[in-house]
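Text of data.tsv (TSV, C-alpha atoms) as supplied:
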```
chain	number	residue	atom	x	y	z
A	7	MET	CA	121.02	120.46	93.24
A	8	LYS	CA	117.89	120.39	91.08
A	9	ALA	CA	115.69	120.86	94.17
A	10	LEU	CA	117.73	123.93	95.16
A	11	LEU	CA	117.40	125.44	91.68
A	12	LEU	CA	113.65	124.85	91.68
A	13	ALA	CA	113.35	126.44	95.14
A	14	LEU	CA	115.15	129.55	93.89
A	15	LEU	CA	112.75	129.80	90.96
A	16	LEU	CA	109.67	129.35	93.12
A	17	VAL	CA	110.83	132.13	95.43
A	18	GLY	CA	111.20	134.41	92.41
A	19	ALA	CA	107.81	133.40	91.05
A	20	GLY	CA	106.13	134.09	94.37
A	21	ALA	CA	107.61	137.57	94.52
A	22	SER	CA	106.41	138.39	91.01
A	23	VAL	CA	102.71	138.21	91.76
A	24	SER	CA	102.81	141.34	93.89
A	25	ALA	CA	101.19	144.33	92.23
A	26	GLN	CA	104.14	146.39	93.48
A	27	GLU	CA	106.60	144.47	91.31
A	28	VAL	CA	107.45	145.81	87.86
A	29	CYS	CA	107.74	143.34	84.99
A	30	ARG	CA	108.36	144.52	81.45
A	31	GLN	CA	107.42	141.27	79.72
A	32	ALA	CA	105.98	137.85	80.55
A	33	LEU	CA	107.08	135.09	78.16
A	34	ALA	CA	105.29	131.73	78.24
A	35	LEU	CA	106.92	129.15	75.95
A	36	GLY	CA	104.91	126.10	74.89
A	37	LEU	CA	106.94	123.17	73.52
A	38	ASP	CA	105.40	120.54	71.24
A	39	VAL	CA	105.93	117.01	72.63
A	40	SER	CA	103.25	115.25	70.57
A	41	GLY	CA	103.68	111.83	68.99
A	42	SER	CA	105.57	113.25	66.01
A	43	VAL	CA	108.39	114.35	68.35
A	44	ASP	CA	110.75	111.46	69.16
A	45	ALA	CA	113.21	111.24	72.05
A	46	ARG	CA	116.08	112.79	70.09
A	47	GLU	CA	113.90	115.69	68.92
A	48	TYR	CA	112.60	116.23	72.45
A	49	ARG	CA	116.17	116.60	73.69
A	50	LEU	CA	117.09	118.92	70.81
A	51	GLN	CA	114.09	121.12	71.64
A	52	LEU	CA	114.87	121.46	75.36
A	53	ASP	CA	118.61	121.85	74.86
A	54	GLY	CA	117.93	124.28	72.02
A	55	LEU	CA	115.81	126.51	74.26
A	56	ALA	CA	118.48	126.35	76.98
A	57	ALA	CA	121.20	127.24	74.45
A	58	ALA	CA	119.17	130.16	73.11
A	59	LEU	CA	118.61	131.55	76.62
A	60	ASP	CA	122.32	131.11	77.33
A	61	SER	CA	123.53	132.89	74.19
A	62	GLY	CA	125.36	136.14	74.78
A	63	ALA	CA	122.87	138.26	72.86
A	64	VAL	CA	119.78	136.85	74.59
A	65	ARG	CA	121.39	137.04	78.02
A	66	ALA	CA	122.19	140.72	77.41
A	67	ALA	CA	118.62	141.43	76.29
A	68	LEU	CA	117.10	139.63	79.28
A	69	LEU	CA	119.36	141.35	81.81
A	70	GLU	CA	119.32	144.83	80.26
A	71	GLN	CA	116.66	146.23	82.60
A	72	PRO	CA	116.94	144.47	85.99
A	73	GLU	CA	114.65	147.05	87.55
A	74	ALA	CA	111.88	145.82	85.21
A	75	PRO	CA	112.77	142.17	84.54
A	76	VAL	CA	111.35	139.62	82.15
A	77	GLU	CA	109.38	136.67	83.53
A	78	ILE	CA	109.64	133.25	81.84
A	79	LEU	CA	107.56	130.09	82.07
A	80	VAL	CA	108.02	126.91	80.00
A	81	TYR	CA	105.40	124.20	79.49
A	82	GLU	CA	105.03	121.23	77.19
A	83	TRP	CA	101.89	120.23	75.33
A	84	SER	CA	100.52	117.39	73.23
A	85	GLY	CA	96.99	115.99	73.66
A	86	PRO	CA	94.00	117.85	75.16
A	87	ALA	CA	94.86	116.81	78.74
A	88	ASP	CA	98.64	116.99	78.43
A	89	GLN	CA	99.90	120.44	79.32
A	90	VAL	CA	102.63	120.26	81.95
A	91	THR	CA	104.75	123.07	83.40
A	92	LEU	CA	108.46	122.35	83.02
A	93	LEU	CA	109.76	125.64	84.40
A	94	PRO	CA	107.50	127.70	86.73
A	95	TRP	CA	107.40	131.47	86.44
A	96	VAL	CA	110.81	132.94	87.17
A	97	ARG	CA	111.84	136.59	87.22
A	98	ILE	CA	115.10	137.07	85.37
A	99	THR	CA	116.46	139.71	87.71
A	100	ASP	CA	120.10	138.66	87.44
A	101	ALA	CA	122.48	136.11	85.94
A	102	ARG	CA	121.94	133.73	88.86
A	103	ALA	CA	118.20	133.44	88.16
A	104	LEU	CA	118.83	132.93	84.45
A	105	ASP	CA	121.50	130.28	85.09
A	106	ALA	CA	119.14	128.39	87.42
A	107	ALA	CA	116.41	128.34	84.77
A	108	ILE	CA	118.82	127.10	82.10
A	109	GLU	CA	120.14	124.37	84.39
A	110	ILE	CA	116.63	123.06	85.06
A	111	LEU	CA	115.82	122.89	81.35
A	112	ARG	CA	119.02	120.99	80.60
A	113	GLY	CA	118.32	118.48	83.37
A	114	LEU	CA	114.74	117.59	82.42
A	115	GLU	CA	113.80	114.10	81.24
A	116	ARG	CA	110.83	113.24	79.05
A	117	ARG	CA	107.82	112.02	81.00
A	118	GLU	CA	105.93	108.87	80.06
A	119	GLY	CA	102.27	108.49	79.17
A	120	ALA	CA	101.55	111.72	77.27
A	121	THR	CA	98.82	111.56	74.63
A	122	PRO	CA	100.45	111.49	71.17
A	123	GLY	CA	97.93	113.86	69.58
A	124	THR	CA	98.39	117.54	68.68
A	125	ALA	CA	95.91	119.72	70.59
A	126	LEU	CA	97.21	123.08	69.45
A	127	GLY	CA	94.08	125.03	70.34
A	128	VAL	CA	94.16	123.71	73.90
A	129	ALA	CA	97.86	124.60	74.13
A	130	MET	CA	97.03	128.17	73.14
A	131	LEU	CA	94.30	128.45	75.77
A	132	HIS	CA	96.58	126.97	78.42
A	133	GLY	CA	99.37	129.43	77.66
A	134	ALA	CA	96.93	132.33	77.75
A	135	ARG	CA	95.69	131.26	81.19
A	136	MET	CA	99.28	131.19	82.43
A	137	LEU	CA	99.78	134.75	81.19
A	138	GLU	CA	96.52	136.47	82.03
A	139	LYS	CA	97.32	137.32	85.67
A	140	ARG	CA	100.96	138.29	85.24
A	141	PRO	CA	101.52	141.95	86.26
A	142	CYS	CA	103.64	142.74	83.20
A	143	TRP	CA	103.63	145.49	80.61
A	144	ARG	CA	103.59	142.98	77.79
A	145	LYS	CA	102.46	139.34	77.64
A	146	THR	CA	103.80	137.01	74.97
A	147	LEU	CA	102.93	133.39	74.25
A	148	ASP	CA	105.38	131.38	72.14
A	149	ILE	CA	104.11	128.17	70.59
A	150	SER	CA	106.56	125.74	69.01
A	151	GLY	CA	105.12	123.07	66.72
A	152	ASP	CA	105.97	120.63	63.95
A	153	GLY	CA	102.44	119.86	62.77
A	154	LYS	CA	98.81	120.93	62.47
A	155	SER	CA	96.24	120.50	65.21
A	156	ASN	CA	94.33	117.19	65.11
A	157	LEU	CA	92.61	117.06	68.52
A	158	GLY	CA	90.47	119.45	70.53
A	159	PRO	CA	89.23	122.87	69.40
A	160	ARG	CA	90.81	124.26	66.25
A	161	PRO	CA	93.21	127.18	66.68
A	162	ARG	CA	90.97	129.28	64.41
A	163	SER	CA	88.14	128.77	66.93
A	164	VAL	CA	90.37	129.68	69.87
A	165	LYS	CA	91.82	132.93	68.51
A	166	PRO	CA	88.59	134.96	68.84
A	167	GLN	CA	88.47	134.04	72.55
A	168	LEU	CA	91.93	135.56	73.05
A	169	GLU	CA	91.40	138.79	71.14
A	170	GLY	CA	91.32	141.81	73.42
A	171	THR	CA	93.32	140.10	76.18
A	172	GLY	CA	96.51	141.97	75.33
A	173	ILE	CA	98.36	138.70	74.72
A	174	THR	CA	100.60	138.37	71.68
A	175	ILE	CA	101.03	134.87	70.25
A	176	ASN	CA	104.13	134.09	68.19
A	177	ALA	CA	105.10	130.74	66.68
A	178	LEU	CA	108.21	128.73	65.97
A	179	VAL	CA	107.49	126.27	63.17
A	180	ILE	CA	109.74	123.21	62.91
A	181	GLY	CA	110.08	121.65	59.46
A	182	ALA	CA	110.60	117.97	58.67
A	183	ASP	CA	113.98	116.55	59.68
A	184	ASP	CA	114.47	113.81	57.09
A	185	PRO	CA	111.92	113.39	54.27
A	186	ALA	CA	111.89	109.90	52.81
A	187	VAL	CA	111.98	110.97	49.16
A	188	GLY	CA	113.76	114.06	47.87
A	189	ASP	CA	114.08	117.25	49.88
A	190	ARG	CA	110.63	118.69	50.48
A	191	ARG	CA	111.55	120.46	53.70
A	192	GLN	CA	111.28	124.02	52.42
A	193	GLY	CA	107.85	123.28	50.95
A	194	GLU	CA	106.69	121.64	54.16
A	195	ILE	CA	107.91	124.56	56.21
A	196	GLY	CA	106.13	126.98	53.88
A	197	GLU	CA	102.82	125.14	54.22
A	198	LEU	CA	103.07	124.79	57.99
A	199	SER	CA	104.18	128.42	58.39
A	200	ALA	CA	101.13	129.57	56.41
A	201	TYR	CA	98.90	127.48	58.71
A	202	PHE	CA	100.40	128.98	61.89
A	203	ASN	CA	100.30	132.46	60.38
A	204	ALA	CA	96.60	132.15	59.53
A	205	GLU	CA	95.33	130.21	62.55
A	206	VAL	CA	97.69	130.63	65.50
A	207	ILE	CA	99.58	133.91	65.78
A	208	LEU	CA	97.75	136.85	67.34
A	209	GLY	CA	98.46	140.54	67.82
A	210	PRO	CA	99.69	143.43	65.66
A	211	ASP	CA	103.38	142.50	66.09
A	212	ALA	CA	102.93	138.72	65.96
A	213	PHE	CA	105.19	136.65	63.70
A	214	VAL	CA	106.22	133.14	62.70
A	215	GLU	CA	109.85	132.00	62.96
A	216	VAL	CA	110.99	128.80	61.23
A	217	ALA	CA	113.53	126.07	61.97
A	218	LEU	CA	114.75	123.59	59.35
A	219	GLY	CA	114.39	120.50	61.51
A	220	PHE	CA	115.01	120.21	65.24
A	221	GLU	CA	118.74	120.66	64.58
A	222	GLY	CA	117.93	124.26	63.67
A	223	TYR	CA	115.71	124.83	66.71
A	224	ALA	CA	118.31	126.56	68.90
A	225	ALA	CA	119.28	129.09	66.22
A	226	ALA	CA	115.63	129.81	65.35
A	227	MET	CA	114.70	130.20	69.03
A	228	GLU	CA	117.54	132.66	69.57
A	229	ILE	CA	116.40	134.77	66.62
A	230	LYS	CA	112.82	134.73	67.87
A	231	LEU	CA	113.72	135.66	71.46
A	232	LEU	CA	115.90	138.53	70.30
A	233	ARG	CA	113.14	139.83	68.06
A	234	GLU	CA	110.68	139.78	70.95
A	235	LEU	CA	113.01	141.13	73.64
A	236	ASP	CA	114.69	143.78	71.49
A	237	GLY	CA	111.31	145.02	70.34
A	238	MET	CA	110.21	145.48	73.94
A	239	VAL	CA	113.43	147.26	74.92
A	240	LEU	CA	113.20	149.62	71.95
A	241	ALA	CA	109.57	150.38	72.80
A	242	GLN	CA	110.54	151.37	76.33
A	243	ARG	CA	113.36	153.56	75.05
```

Rewrite the structure from the file as structure tokens, please.
Amino acid sequence: MKALLLALLLVGAGASVSAQEVCRQALALGLDVSGSVDAREYRLQLDGLAAALDSGAVRAALLEQPEAPVEILVYEWSGPADQVTLLPWVRITDARALDAAIEILRGLERREGATPGTALGVAMLHGARMLEKRPCWRKTLDISGDGKSNLGPRPRSVKPQLEGTGITINALVIGADDPAVGDRRQGEIGELSAYFNAEVILGPDAFVEVALGFEGYAAAMEIKLLRELDGMVLAQR
């Protein structure tokens, strides 16, 4: 079953590279699987993305303009050499394509051997490379993260390389799940949000969305997707 779903997606991805195809938006989503993300949080992140894509509001936004569909790619990132595509480019032309993408995300298992570090700058460059050749009106990179970069080039050094590419970078910041003493989660989210706002996001409409722990990831992802997709639909109208 999984092989059939992947085959359907690869057919869609192959069709999308034609210059004759119209694509209103390319969305590349980078998921943080660094050492700070345990097995439970990994599952909450993948299932949360699947749930957000499967919500009624997001489904409606994705399928609103089938003549100019959205393209989606999902990859995970951690250390400098650990960027892996989980879901190849798929054109969301109809409910069948969207259902196939959601099914693949829900069936994924965490791979072994990834570097535990947080190479956020490398993750940004990787996502930008995935987007640069997509024939879409708008190109958006979404980076999810629960910590600051500690390996590879700093995000602040990477941003100037991506200016002028037409790529927008948004972020979904995930706060601490269970602080050992007291409840510092709002403060931690504020500090991490400020970091992503200053060093990661890029473009005039770029923004940071927040999730209070991985339990809040699905709701935050839905809000973020709607903000991105609705903005694009309104612009076309």

Response to the item:
Of A:Thr121, A:Ser155, A:Thr99, A:Gln31, the one nearest to A:Ala66 when counting only C-alpha atoms is A:Thr99

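If you look at atom CA of A:Glu169 and atom CA of A:Ser199, they are 20.8 Å away from each other.
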
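One distance worth recording is that between atom CA of A:Pro161 and atom CA of A:Leu218, which is 23.0 Å.
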
Practice prompt. List the neighbours of stretch 43-56 of chain A out to 6 Å using all atoms listed in the file; skip same-chain residues closer than 3 positions along the sequence, and give me the result as JSON, numbers by chain.
Written response: {"A": [39, 40, 59, 108, 112, 220, 223, 224]}

Discussion item. Can you pull out the residues contacting A:Glu73? Cut-off 12 Å, using all atoms listed in the file, and skip same-chain residues under 6 positions away; I want them as a list in words.
Written reply: Glu27, Val28, Cys29, Arg30, Arg97, Ile98, Thr99 and Asp100 of chain A

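With atom CA of A:Ser150 on one side and atom CA of A:Asp88 on the other, the separation reads 15.1 Å.
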
Using all atoms listed in the file, what table do you get, as a tab-separated table, when you list each residue of stretch 144-177 of chain A with an atom no more than 8 Å from stretch 204-215 of chain A, its nearest pair of atoms, and their distance in Å rounded to one decimal, rows by chain then rising number?
```
residue	atom	partner	partner_atom	distance
A:Pro161	CA	A:Glu205	CA	5.5
A:Arg162	CA	A:Glu205	CA	4.8
A:Lys165	CA	A:Val206	CA	7.0
A:Glu169	CA	A:Leu208	CA	7.7
A:Gly172	CA	A:Gly209	CA	7.9
A:Ile173	CA	A:Gly209	CA	7.1
A:Thr174	CA	A:Gly209	CA	4.9
A:Ile175	CA	A:Ile207	CA	4.8
A:Asn176	CA	A:Ile207	CA	5.2
A:Ala177	CA	A:Val214	CA	4.8
```

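Among the candidate residues A:Glu197, A:Asp38, A:Asp236, A:Glu77, the one lying nearest to A:Leu137 is A:Glu77, with distances computed using all atoms listed in the file.
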
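When all atoms listed in the file are used to measure the gap to A:Asp60, the shortest distance among A:Gly127, A:Val90, A:Ala106, A:Val80 belongs to A:Ala106.
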
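With only C-alpha atoms as the atoms that count, the minimum distance from A:Lys154 to the choices A:Gly181, A:Pro141, A:Gly133, A:Gly170 is reached by A:Gly181.
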
Worksheet item: In terms of the shortest atom-to-atom distance over only C-alpha atoms, which of A:Ala63, A:Ala87, A:Leu168, A:Val216 is closest to A:Ala120?
Response: A:Ala87

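Minimum atom-to-atom distance to A:Glu70, evaluated using all atoms listed in the file, belongs to A:Ala101 out of A:Ala101, A:Cys142, A:Gly113, A:Pro166.
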
Supply stretch 191-209 of chain A as a short mmCIF file (atom, residue, chain, number, x, y, z; two decimals), keeping the file's coordinate frame, with N, CA and C atoms built in where the input has gaps.
```cif
data_model
loop_
_atom_site.label_atom_id
_atom_site.label_comp_id
_atom_site.auth_asym_id
_atom_site.auth_seq_id
_atom_site.Cartn_x
_atom_site.Cartn_y
_atom_site.Cartn_z
N ARG A 191 111.63 119.76 52.42
CA ARG A 191 111.55 120.46 53.70
C ARG A 191 111.13 121.91 53.58
N GLN A 192 111.67 122.62 52.57
CA GLN A 192 111.28 124.02 52.42
C GLN A 192 109.80 124.15 52.11
N GLY A 193 109.28 123.25 51.26
CA GLY A 193 107.85 123.28 50.95
C GLY A 193 107.00 122.98 52.16
N GLU A 194 107.43 122.00 52.96
CA GLU A 194 106.69 121.64 54.16
C GLU A 194 106.69 122.79 55.16
N ILE A 195 107.82 123.42 55.30
CA ILE A 195 107.91 124.56 56.21
C ILE A 195 107.00 125.69 55.74
N GLY A 196 106.98 125.93 54.42
CA GLY A 196 106.13 126.98 53.88
C GLY A 196 104.66 126.73 54.17
N GLU A 197 104.22 125.48 53.97
CA GLU A 197 102.82 125.14 54.22
C GLU A 197 102.47 125.26 55.70
N LEU A 198 103.35 124.74 56.56
CA LEU A 198 103.07 124.79 57.99
C LEU A 198 103.15 126.23 58.52
N SER A 199 104.08 127.02 57.98
CA SER A 199 104.18 128.42 58.39
C SER A 199 102.91 129.18 58.03
N ALA A 200 102.37 128.91 56.84
CA ALA A 200 101.13 129.57 56.41
C ALA A 200 99.98 129.20 57.35
N TYR A 201 99.94 127.94 57.78
CA TYR A 201 98.90 127.48 58.71
C TYR A 201 99.01 128.22 60.04
N PHE A 202 100.21 128.28 60.61
CA PHE A 202 100.40 128.98 61.89
C PHE A 202 100.14 130.47 61.73
N ASN A 203 100.53 131.03 60.61
CA ASN A 203 100.30 132.46 60.38
C ASN A 203 98.81 132.78 60.33
N ALA A 204 98.03 131.90 59.70
CA ALA A 204 96.60 132.15 59.53
C ALA A 204 95.79 131.81 60.78
N GLU A 205 96.19 130.74 61.50
CA GLU A 205 95.33 130.21 62.55
C GLU A 205 95.85 130.38 63.97
N VAL A 206 97.12 130.67 64.15
CA VAL A 206 97.69 130.63 65.50
C VAL A 206 98.14 132.00 66.00
N ILE A 207 98.99 132.68 65.26
CA ILE A 207 99.58 133.91 65.78
C ILE A 207 98.51 134.99 65.98
N LEU A 208 98.76 135.86 66.95
CA LEU A 208 97.75 136.85 67.34
C LEU A 208 98.45 138.12 67.81
N GLY A 209 97.92 139.26 67.39
CA GLY A 209 98.46 140.54 67.82
C GLY A 209 99.12 141.29 66.68
#
```
